[in-house]
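**Student:** If it helps, the file is called protein.tsv and holds TSV, C-alpha atoms and all ligand atoms:
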```tsv
chain	number	residue	atom	x	y	z
A	1	MET	CA	169.35	86.08	159.11
A	2	GLY	CA	169.51	82.50	157.75
A	3	HIS	CA	169.81	82.11	154.04
A	4	SER	CA	167.25	79.33	153.67
A	5	ALA	CA	163.57	79.65	154.40
A	6	ALA	CA	163.79	82.63	156.71
A	7	VAL	CA	160.70	84.80	156.43
A	8	TRP	CA	160.99	88.51	157.01
A	9	ASP	CA	158.25	89.68	159.29
A	10	SER	CA	157.53	93.16	157.97
A	11	ARG	CA	155.51	94.04	161.08
A	12	ALA	CA	158.59	93.59	163.25
A	13	ALA	CA	160.36	96.07	161.00
A	14	ILE	CA	158.27	99.02	162.11
A	15	GLU	CA	158.91	101.04	165.23
A	16	ILE	CA	156.67	103.89	166.32
A	17	THR	CA	158.00	106.36	168.88
A	18	LYS	CA	157.56	110.04	169.70
A	19	ASP	CA	159.89	112.90	168.89
A	20	TRP	CA	160.71	115.62	171.41
A	21	ASN	CA	157.59	117.55	170.40
A	22	GLY	CA	155.49	114.50	171.30
A	23	ILE	CA	154.72	113.86	167.62
A	24	GLU	CA	154.83	110.27	166.45
A	25	LYS	CA	157.53	109.14	164.08
A	26	VAL	CA	157.82	105.79	162.38
A	27	VAL	CA	161.05	103.96	161.63
A	28	LEU	CA	161.02	101.31	158.92
A	29	ARG	CA	163.85	98.79	158.61
A	30	ASN	CA	164.70	96.09	156.13
A	31	PRO	CA	166.52	92.81	156.89
A	32	GLN	CA	169.79	94.15	155.42
A	33	GLY	CA	169.88	97.09	157.83
A	34	ALA	CA	168.59	99.92	155.65
A	35	SER	CA	166.08	102.25	157.30
A	36	ALA	CA	163.69	105.12	156.71
A	37	ARG	CA	162.00	107.47	159.16
A	38	VAL	CA	158.77	109.35	158.61
A	39	SER	CA	157.21	111.94	160.88
A	40	LEU	CA	153.51	112.46	161.39
A	41	HIS	CA	154.37	116.13	161.17
A	42	GLY	CA	153.66	116.64	157.49
A	43	GLY	CA	154.00	112.96	156.59
A	44	GLN	CA	157.58	114.00	155.96
A	45	VAL	CA	160.30	111.42	155.42
A	46	THR	CA	163.15	112.73	157.57
A	47	SER	CA	165.75	110.01	157.07
A	48	TRP	CA	166.65	107.28	154.61
A	49	ARG	CA	169.74	105.20	155.26
A	50	ASN	CA	171.39	102.46	153.22
A	51	GLU	CA	172.65	99.10	154.55
A	52	GLN	CA	175.89	100.75	155.66
A	53	GLY	CA	173.93	103.23	157.75
A	54	GLU	CA	174.83	106.17	155.49
A	55	GLU	CA	172.22	108.92	155.39
A	56	LEU	CA	170.98	109.54	151.85
A	57	LEU	CA	168.73	112.53	152.50
A	58	PHE	CA	169.96	115.96	153.47
A	59	THR	CA	168.71	117.67	156.63
A	60	SER	CA	170.08	121.07	157.53
A	61	SER	CA	172.13	121.43	160.70
A	62	LYS	CA	170.05	124.58	161.24
A	63	ALA	CA	166.71	122.81	160.75
A	64	ILE	CA	164.01	123.86	163.18
A	65	PHE	CA	162.22	120.86	164.66
A	66	LYS	CA	159.16	122.68	165.81
A	67	PRO	CA	155.74	122.55	164.19
A	68	PRO	CA	154.07	124.03	162.31
A	69	LYS	CA	156.96	124.77	159.97
A	70	ALA	CA	158.25	121.82	157.95
A	71	VAL	CA	161.77	120.65	158.74
A	72	ARG	CA	164.42	121.85	156.25
A	73	GLY	CA	165.38	118.57	154.62
A	74	GLY	CA	164.10	115.05	154.02
A	75	ILE	CA	161.04	114.89	151.78
A	76	PRO	CA	158.35	117.47	152.61
A	77	ILE	CA	155.06	116.87	150.79
A	78	CYS	CA	153.98	119.97	148.84
A	79	PHE	CA	150.19	119.92	148.58
A	80	PRO	CA	147.71	121.31	147.53
A	81	GLN	CA	150.06	123.66	145.77
A	82	PHE	CA	153.68	123.80	144.83
A	83	GLY	CA	155.18	127.27	145.06
A	84	ASN	CA	153.55	130.41	146.17
A	85	CYS	CA	150.49	131.74	144.42
A	86	GLY	CA	147.13	132.95	145.67
A	87	SER	CA	146.29	132.97	149.34
A	88	LEU	CA	147.64	129.52	150.18
A	89	GLU	CA	150.91	129.28	152.03
A	90	GLN	CA	154.11	128.43	150.11
A	91	HIS	CA	154.09	124.77	149.00
A	92	GLY	CA	150.65	124.25	150.58
A	93	PHE	CA	149.65	123.35	154.11
A	94	ALA	CA	149.98	119.53	154.11
A	95	ARG	CA	153.65	119.65	155.13
A	96	ASN	CA	152.84	121.75	158.18
A	97	LYS	CA	150.01	119.64	159.58
A	98	ILE	CA	149.84	116.61	161.81
A	99	TRP	CA	148.93	113.45	159.93
A	100	THR	CA	147.60	110.21	161.45
A	101	ILE	CA	148.47	106.56	161.03
A	102	ASP	CA	145.91	105.02	158.70
A	103	GLU	CA	144.82	101.69	160.16
A	104	ASN	CA	142.20	101.11	157.47
A	105	SER	CA	143.97	102.11	154.32
A	106	PRO	CA	142.30	100.80	151.17
A	107	PRO	CA	144.58	98.05	149.87
A	108	LEU	CA	147.29	98.62	147.30
A	109	SER	CA	148.54	95.93	144.93
A	110	LEU	CA	150.59	93.01	146.24
A	111	LYS	CA	153.79	94.41	144.73
A	112	ASP	CA	153.35	97.50	146.90
A	113	SER	CA	153.29	95.38	150.06
A	114	GLN	CA	155.18	92.14	149.57
A	115	GLY	CA	158.73	92.10	150.89
A	116	LYS	CA	158.46	95.69	152.07
A	117	SER	CA	158.12	97.27	155.47
A	118	PHE	CA	155.64	100.07	155.17
A	119	ILE	CA	153.39	102.51	156.99
A	120	ASP	CA	150.17	104.11	155.78
A	121	LEU	CA	149.45	107.69	156.78
A	122	LEU	CA	146.36	109.82	156.35
A	123	PHE	CA	145.75	113.53	156.19
A	124	LYS	CA	142.27	115.05	156.15
A	125	PRO	CA	141.70	118.80	156.19
A	126	SER	CA	140.63	120.45	159.44
A	127	GLU	CA	138.00	123.22	159.65
A	128	GLU	CA	140.86	125.70	159.54
A	129	ASP	CA	142.33	124.09	156.41
A	130	LEU	CA	138.92	124.16	154.73
A	131	LYS	CA	138.75	127.89	155.33
A	132	CYS	CA	141.87	128.47	153.21
A	133	TRP	CA	141.14	125.70	150.72
A	134	PRO	CA	137.45	124.71	150.66
A	135	HIS	CA	137.81	121.22	149.22
A	136	SER	CA	137.30	118.01	151.18
A	137	PHE	CA	139.90	115.39	150.42
A	138	GLU	CA	141.60	112.37	151.87
A	139	PHE	CA	145.32	112.19	151.33
A	140	ARG	CA	146.82	108.75	151.88
A	141	LEU	CA	150.56	108.30	151.90
A	142	ARG	CA	152.29	104.95	151.96
A	143	VAL	CA	155.99	105.05	152.79
A	144	SER	CA	157.79	101.78	152.26
A	145	LEU	CA	161.26	100.40	152.34
A	146	ALA	CA	162.04	97.50	150.01
A	147	ALA	CA	164.42	94.58	150.55
A	148	ASP	CA	166.94	96.26	148.22
A	149	GLY	CA	166.85	99.44	150.33
A	150	SER	CA	164.85	101.53	147.90
A	151	LEU	CA	162.36	103.99	149.32
A	152	ASN	CA	158.86	104.11	147.87
A	153	LEU	CA	156.29	106.81	148.37
A	154	ILE	CA	152.76	106.40	147.13
A	155	SER	CA	150.37	109.33	147.47
A	156	ARG	CA	146.68	108.91	146.85
A	157	VAL	CA	144.43	111.96	146.90
A	158	ARG	CA	140.69	111.37	146.83
A	159	ASN	CA	138.03	113.99	146.22
A	160	VAL	CA	135.36	113.50	148.88
A	161	ASN	CA	133.80	116.84	147.96
A	162	GLY	CA	130.67	117.57	145.97
A	163	LYS	CA	132.63	119.58	143.39
A	164	PRO	CA	135.77	119.12	141.30
A	165	PHE	CA	139.02	120.60	142.56
A	166	SER	CA	142.55	121.02	141.22
A	167	PHE	CA	145.91	120.89	142.96
A	168	SER	CA	149.61	120.77	142.30
A	169	PHE	CA	152.01	118.51	144.13
A	170	ALA	CA	155.68	117.71	144.75
A	171	TYR	CA	157.81	115.29	146.75
A	172	HIS	CA	160.34	117.96	147.70
A	173	THR	CA	163.27	115.55	147.91
A	174	TYR	CA	166.49	116.87	149.52
A	175	LEU	CA	169.21	114.49	148.33
A	176	SER	CA	172.47	114.43	150.26
A	177	VAL	CA	175.45	114.98	147.95
A	178	SER	CA	179.20	115.18	148.53
A	179	ASP	CA	179.74	118.47	146.71
A	180	ILE	CA	177.25	120.12	144.39
A	181	SER	CA	179.96	120.91	141.82
A	182	GLU	CA	180.60	117.16	141.44
A	183	VAL	CA	176.97	116.31	140.72
A	184	ARG	CA	175.08	115.92	137.48
A	185	ILE	CA	171.55	115.00	136.57
A	186	GLU	CA	170.82	112.75	133.60
A	187	GLY	CA	167.43	112.41	132.00
A	188	LEU	CA	166.40	116.07	131.75
A	189	GLU	CA	168.47	116.98	128.67
A	190	THR	CA	166.62	118.80	125.88
A	191	LEU	CA	163.47	119.24	127.99
A	192	ASP	CA	161.58	122.47	128.39
A	193	TYR	CA	161.56	124.03	131.84
A	194	LEU	CA	159.98	126.92	133.68
A	195	ASP	CA	162.59	129.03	135.40
A	196	ASN	CA	161.46	130.32	138.79
A	197	LEU	CA	164.42	132.71	138.75
A	198	CYS	CA	163.05	134.38	135.58
A	199	GLY	CA	159.38	134.76	136.43
A	200	LYS	CA	158.55	131.20	135.32
A	201	GLU	CA	159.69	131.91	131.78
A	202	ARG	CA	159.92	128.82	129.57
A	203	PHE	CA	163.34	127.72	128.27
A	204	THR	CA	164.72	124.63	126.59
A	205	GLU	CA	167.55	122.67	128.21
A	206	GLN	CA	170.64	121.99	126.12
A	207	GLY	CA	171.78	118.49	125.20
A	208	ASP	CA	174.18	117.97	128.10
A	209	ALA	CA	173.58	116.52	131.54
A	210	ILE	CA	172.76	119.23	134.08
A	211	THR	CA	175.58	120.47	136.28
A	212	PHE	CA	175.66	123.24	138.90
A	213	GLU	CA	177.58	126.46	139.26
A	214	SER	CA	174.92	128.89	140.50
A	215	GLU	CA	171.40	129.02	141.93
A	216	VAL	CA	168.91	126.76	140.13
A	217	ASP	CA	165.14	126.78	140.63
A	218	ARG	CA	163.35	125.09	137.73
A	219	VAL	CA	160.38	122.95	136.86
A	220	TYR	CA	161.26	120.54	134.03
A	221	LEU	CA	158.17	119.68	132.04
A	222	SER	CA	157.01	116.24	130.97
A	223	ALA	CA	160.17	114.56	132.21
A	224	PRO	CA	160.89	110.85	131.64
A	225	ASN	CA	159.87	108.48	134.38
A	226	VAL	CA	163.47	107.73	135.32
A	227	VAL	CA	166.00	110.40	136.22
A	228	ALA	CA	169.48	109.82	137.64
A	229	VAL	CA	171.50	112.05	139.95
A	230	LEU	CA	175.18	111.13	139.77
A	231	ASP	CA	177.47	112.07	142.63
A	232	HIS	CA	180.88	111.71	141.10
A	233	GLU	CA	182.91	112.15	144.27
A	234	ARG	CA	180.89	109.71	146.35
A	235	LYS	CA	180.54	107.34	143.39
A	236	ARG	CA	176.85	107.10	144.15
A	237	THR	CA	173.90	107.45	141.82
A	238	TYR	CA	170.40	108.19	142.94
A	239	VAL	CA	167.82	106.72	140.63
A	240	ILE	CA	164.48	108.44	140.77
A	241	ARG	CA	161.53	106.59	139.29
A	242	LYS	CA	158.15	108.24	139.16
A	243	GLU	CA	154.64	107.62	137.99
A	244	GLY	CA	151.74	110.05	137.77
A	245	LEU	CA	154.24	112.89	138.26
A	246	PRO	CA	155.02	114.49	134.90
A	247	ASP	CA	157.37	117.22	136.11
A	248	VAL	CA	160.71	117.37	137.91
A	249	VAL	CA	161.73	120.29	140.11
A	250	VAL	CA	165.45	120.99	140.45
A	251	TRP	CA	166.46	123.37	143.20
A	252	ASN	CA	169.70	124.49	144.76
A	253	PRO	CA	169.68	127.83	146.60
A	254	TRP	CA	173.43	128.48	146.16
A	255	GLU	CA	175.34	130.94	148.29
A	256	LYS	CA	173.24	134.09	148.53
A	257	LYS	CA	169.89	132.44	149.12
A	258	SER	CA	171.43	130.01	151.64
A	259	LYS	CA	172.51	132.96	153.73
A	260	ALA	CA	169.00	134.39	153.59
A	261	MET	CA	167.36	131.23	154.97
A	262	ALA	CA	167.26	131.10	158.75
A	263	ASP	CA	166.99	127.30	158.89
A	264	PHE	CA	169.84	126.57	156.48
A	265	GLY	CA	173.61	126.77	156.95
A	266	ASP	CA	175.54	129.29	154.83
A	267	ASP	CA	177.58	126.58	153.05
A	268	GLU	CA	175.07	123.77	153.13
A	269	TYR	CA	173.99	124.33	149.52
A	270	LYS	CA	177.12	122.35	148.63
A	271	GLN	CA	175.79	119.22	150.31
A	272	MET	CA	172.24	119.08	148.96
A	273	LEU	CA	170.22	119.02	145.81
A	274	CYS	CA	166.45	118.95	145.56
A	275	VAL	CA	165.12	116.83	142.72
A	276	ASP	CA	161.37	116.43	143.07
A	277	GLY	CA	158.90	114.23	141.26
A	278	ALA	CA	156.00	116.66	140.82
A	279	ALA	CA	152.75	117.58	139.10
A	280	ILE	CA	152.87	121.34	138.67
A	281	ALA	CA	152.56	122.68	135.15
A	282	LYS	CA	149.22	121.00	134.55
A	283	PRO	CA	147.42	120.84	137.89
A	284	VAL	CA	145.62	117.60	138.68
A	285	THR	CA	141.83	117.89	138.58
A	286	LEU	CA	139.65	115.43	140.45
A	287	LYS	CA	135.92	115.10	140.04
A	288	PRO	CA	133.85	114.06	143.07
A	289	GLY	CA	134.81	110.51	144.07
A	290	GLU	CA	137.91	110.42	141.86
A	291	GLU	CA	141.37	109.51	143.12
A	292	TRP	CA	144.84	110.44	141.90
A	293	THR	CA	148.00	108.44	142.56
A	294	GLY	CA	151.56	109.77	142.44
A	295	ARG	CA	154.43	107.34	143.01
A	296	LEU	CA	158.09	107.93	143.66
A	297	GLU	CA	160.82	105.33	144.04
A	298	LEU	CA	164.29	106.36	145.16
A	299	SER	CA	167.24	104.05	145.06
A	300	ALA	CA	170.92	104.68	145.63
A	301	VAL	CA	173.37	102.53	143.68
A	302	PRO	CA	177.14	102.58	143.16
A	303	SER	CA	177.90	104.84	140.18
A	304	THR	CA	179.69	102.01	138.33
A	305	PHE	CA	176.27	100.49	137.87
A	306	CYS	CA	175.27	103.54	135.82
A	307	SER	CA	174.49	105.10	133.56
A	308	GLU	CA	174.61	102.71	130.63
A	309	ASN	CA	172.54	100.26	132.66
A	310	LEU	CA	169.81	102.76	133.28
A	311	ASP	CA	167.03	102.92	130.84
A	312	LEU	CA	166.36	106.61	131.28
A	313	GLN	CA	163.70	106.76	128.62
A	314	GLY	CA	162.11	103.54	129.67
A	315	ARG	CA	160.06	102.07	132.43
A	316	GLY	CA	159.25	103.98	135.56
A	317	PHE	CA	158.33	101.11	137.82
N	401	LIG	C1	161.85	125.23	145.83
N	401	LIG	C2	161.22	126.44	145.27
N	401	LIG	O1	161.45	124.08	145.22
N	401	LIG	O2	161.59	125.23	147.22
N	401	LIG	C3	162.01	127.58	145.82
N	401	LIG	O3	161.20	126.41	143.87
N	401	LIG	C4	161.93	127.59	147.33
N	401	LIG	O4	161.58	128.79	145.27
N	401	LIG	C5	162.34	126.22	147.85
N	401	LIG	O5	162.76	128.55	147.85
N	401	LIG	C6	162.20	126.06	149.35
N	401	LIG	O6	160.94	126.39	149.79
N	401	LIG	P1	160.60	126.48	151.30
N	401	LIG	O7	159.20	127.03	151.40
N	401	LIG	O8	160.69	125.10	151.87
N	401	LIG	O9	161.61	127.41	151.91
```
Let me see the structure of the file written as structure tokens.

**Tutor:**
Amino acid sequence: MGHSAAVWDSRAAIEITKDWNGIEKVVLRNPQGASARVSLHGGQVTSWRNEQGEELLFTSSKAIFKPPKAVRGGIPICFPQFGNCGSLEQHGFARNKIWTIDENSPPLSLKDSQGKSFIDLLFKPSEEDLKCWPHSFEFRLRVSLAADGSLNLISRVRNVNGKPFSFSFAYHTYLSVSDISEVRIEGLETLDYLDNLCGKERFTEQGDAITFESEVDRVYLSAPNVVAVLDHERKRTYVIRKEGLPDVVVWNPWEKKSKAMADFGDDEYKQMLCVDGAAIAKPVTLKPGEEWTGRLELSAVPSTFCSENLDLQGRGF
């Protein structure tokens, strides 16, 4: 591309094709060669690559690409619940349903569109969904890829019901890492967390960055809007910025649980780490006509750039 007045046509940067189940998938590209792929099955991002073509999200080699179950990897959307309580299925039904492309999405601000290639998706509950969760809503998801290769997800949930409802939510983000024992998370030190491995008991994190030597399944409460995942071996840092998402889930199944999951390789826990921007501890409540927005921005930068340059306590977006 010329360096002068070349204008990037974001429409040309979107390709819509079908996967082998006949479900549409959308590939977004930026002028530098980065890309992202999102499936209409669950509105799930299934790939995010940098300019060098390196995959940044983990997908299991044992993943099952057959609806209704969500694919093991990428970024499944957990809605209207995170986890497994009550009669709803684990992590809610949104990730298992077929979404549509939203041609008439209500506009977002200019900064959410300019210089980005993006796609707007929509999920509305079916009769069957309403039987398990009797609340009418419209869930709009914008997935966009910026000129610098960062991936942005904007979820908007609107209550189109006559009554208030509450939900919990997570962008269940499977990051690809070189080796879990070489990874640390910065930004969650000293926070309180609910430990799913101890019946959701509340603990307080110590002062050090989080490292991994066994199974972890936690919800960190009221986390800062910027969290960094440093992959020492690959010299890569993932910077996670969030807005409207107070909590951060950290999950690695480790050895035993990996073996128990049919769609996950026995040793694959070494190559992934889930770090999710989420709203779990205090469910979101929407009155009729109200809308909630939850934003996530993921970027991958060389580790030398971090962590002094990251303002972990500071701005989200
Ligand atoms: C995590 C949960 O975030 O997701 C775990 O805290 C769960 O308990 C994991 O095992 C994966 O869930 P699923 O439904 O995709 O297998």

**Student:** Find the residues near A:Glu268: any atom within 8 Å, counting all atoms listed in the file, skip ones fewer than 3 places away on the same chain, and give them as JSON, numbers by chain.

**Tutor:** {"A": [60, 258, 264, 265, 271, 272]}

**Student:** Could you please take those selected residues and save C-alpha atoms as a PDB file, in the frame of the given file?

**Tutor:**
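Final output, saved to again_18.pdb:
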```
ATOM      1  CA  SER A  60     170.080 121.070 157.530  1.00  0.00           C
ATOM      2  CA  SER A 258     171.430 130.010 151.640  1.00  0.00           C
ATOM      3  CA  PHE A 264     169.840 126.570 156.480  1.00  0.00           C
ATOM      4  CA  GLY A 265     173.610 126.770 156.950  1.00  0.00           C
ATOM      5  CA  GLN A 271     175.790 119.220 150.310  1.00  0.00           C
ATOM      6  CA  MET A 272     172.240 119.080 148.960  1.00  0.00           C
TER       7      MET A 272
END
```

**Student:** Can you tell me which residues sit at most 9 Å away from ligand LIG 401 (chain N), counting all atoms listed in the file, written as an MDAnalysis selection string?

**Tutor:** chainID A and resid 69:73 76 78 82:84 89:91 170 172 195:197 216:219 249:253 257 261 263 274:276

**Student:** Please compute the atom CA of A:Val26-atom CA of A:Asn152 distance, one decimal, in Å.

**Tutor:**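 The value is 14.6 Å.
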
**Student:** For atom CA of A:Tyr174 and atom CA of A:Gly42, quote the distance in Å rounded to one decimal.

**Tutor:** 15.1 Å

**Student:** Please report the interatomic distance between atom CA of A:Lys62 and atom CA of A:Ala34 in Å with one decimal.

**Tutor:**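 Result for atom CA of A:Lys62 versus atom CA of A:Ala34: 25.3 Å, one decimal.
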
**Student:** Quick one: everything within 12 Å of A:Gly86, counting all atoms listed in the file, minus sequence neighbours fewer than 6 positions away in the same chain. Send it as an NGL selection string.

**Tutor:** :A and (80 or 92 or 132-133)

**Student:** Let me have the centre and edge lengths in Å, one decimal, of the box along x, y and z around every listed atom of stretch 10-25 of chain A with 6 Å of margin on each side, as JSON.

**Tutor:**
```
{"center_x": 157.7, "center_y": 105.4, "center_z": 164.7, "size_x": 18.0, "size_y": 36.4, "size_z": 25.4}
```

**Student:** Could you list as a PDB file with C-alpha atoms, in the coordinates of the input every residue that has an atom within 10 Å of (161.1, 122.2, 126.5), using the file's coordinates and counting all atoms listed in the file?

**Tutor:**
```
ATOM      1  CA  LEU A 188     166.400 116.070 131.750  1.00  0.00           C
ATOM      2  CA  GLU A 189     168.470 116.980 128.670  1.00  0.00           C
ATOM      3  CA  THR A 190     166.620 118.800 125.880  1.00  0.00           C
ATOM      4  CA  LEU A 191     163.470 119.240 127.990  1.00  0.00           C
ATOM      5  CA  ASP A 192     161.580 122.470 128.390  1.00  0.00           C
ATOM      6  CA  TYR A 193     161.560 124.030 131.840  1.00  0.00           C
ATOM      7  CA  LEU A 194     159.980 126.920 133.680  1.00  0.00           C
ATOM      8  CA  ARG A 202     159.920 128.820 129.570  1.00  0.00           C
ATOM      9  CA  PHE A 203     163.340 127.720 128.270  1.00  0.00           C
ATOM     10  CA  THR A 204     164.720 124.630 126.590  1.00  0.00           C
ATOM     11  CA  GLU A 205     167.550 122.670 128.210  1.00  0.00           C
ATOM     12  CA  GLN A 206     170.640 121.990 126.120  1.00  0.00           C
ATOM     13  CA  TYR A 220     161.260 120.540 134.030  1.00  0.00           C
ATOM     14  CA  LEU A 221     158.170 119.680 132.040  1.00  0.00           C
ATOM     15  CA  SER A 222     157.010 116.240 130.970  1.00  0.00           C
ATOM     16  CA  ALA A 223     160.170 114.560 132.210  1.00  0.00           C
TER      17      ALA A 223
END
```

**Student:** Please return as a list in words every residue within 6 Å of (136.7, 117.9, 142.7), taking into account only C-alpha atoms and the file's own coordinates.

**Tutor:**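 Taken together, the residues in range are Asn159, Lys163, Pro164, Phe165, Leu286, Lys287 and Pro288 of chain A.
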
**Student:** Out of A:Asp19, A:Asp102, A:Glu297, A:Glu182, which residue has the shortest atom-to-atom distance to A:Arg236 when counting all atoms listed in the file?

**Tutor:** A:Glu182

**Student:** Compile the contact shell of A:Lys235 as a short mmCIF file (atom, residue, chain, number, x, y, z; two decimals) with C-alpha atoms, in the frame of the given file: residues with an atom at most 8 Å away, counting all atoms listed in the file, same-chain residues fewer than 5 positions apart removed.

**Tutor:**
```cif
data_model
loop_
_atom_site.label_atom_id
_atom_site.label_comp_id
_atom_site.auth_asym_id
_atom_site.auth_seq_id
_atom_site.Cartn_x
_atom_site.Cartn_y
_atom_site.Cartn_z
CA LEU A 230 175.18 111.13 139.77
CA PRO A 302 177.14 102.58 143.16
CA SER A 303 177.90 104.84 140.18
CA THR A 304 179.69 102.01 138.33
#
```

**Student:** In terms of the shortest atom-to-atom distance over only C-alpha atoms, which of A:Leu153, A:Pro246, A:Pro67, A:Phe58 is closest to A:Gly22?

**Tutor:**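 Nearest to A:Gly22: A:Pro67.
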
**Student:** Could you tell me which of A:Ile23, A:Val226, A:Ile180, A:Leu108 comes closest to A:Tyr269 if we count all atoms listed in the file?

**Tutor:**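 Counting all atoms listed in the file, the residue closest to A:Tyr269 is A:Ile180.
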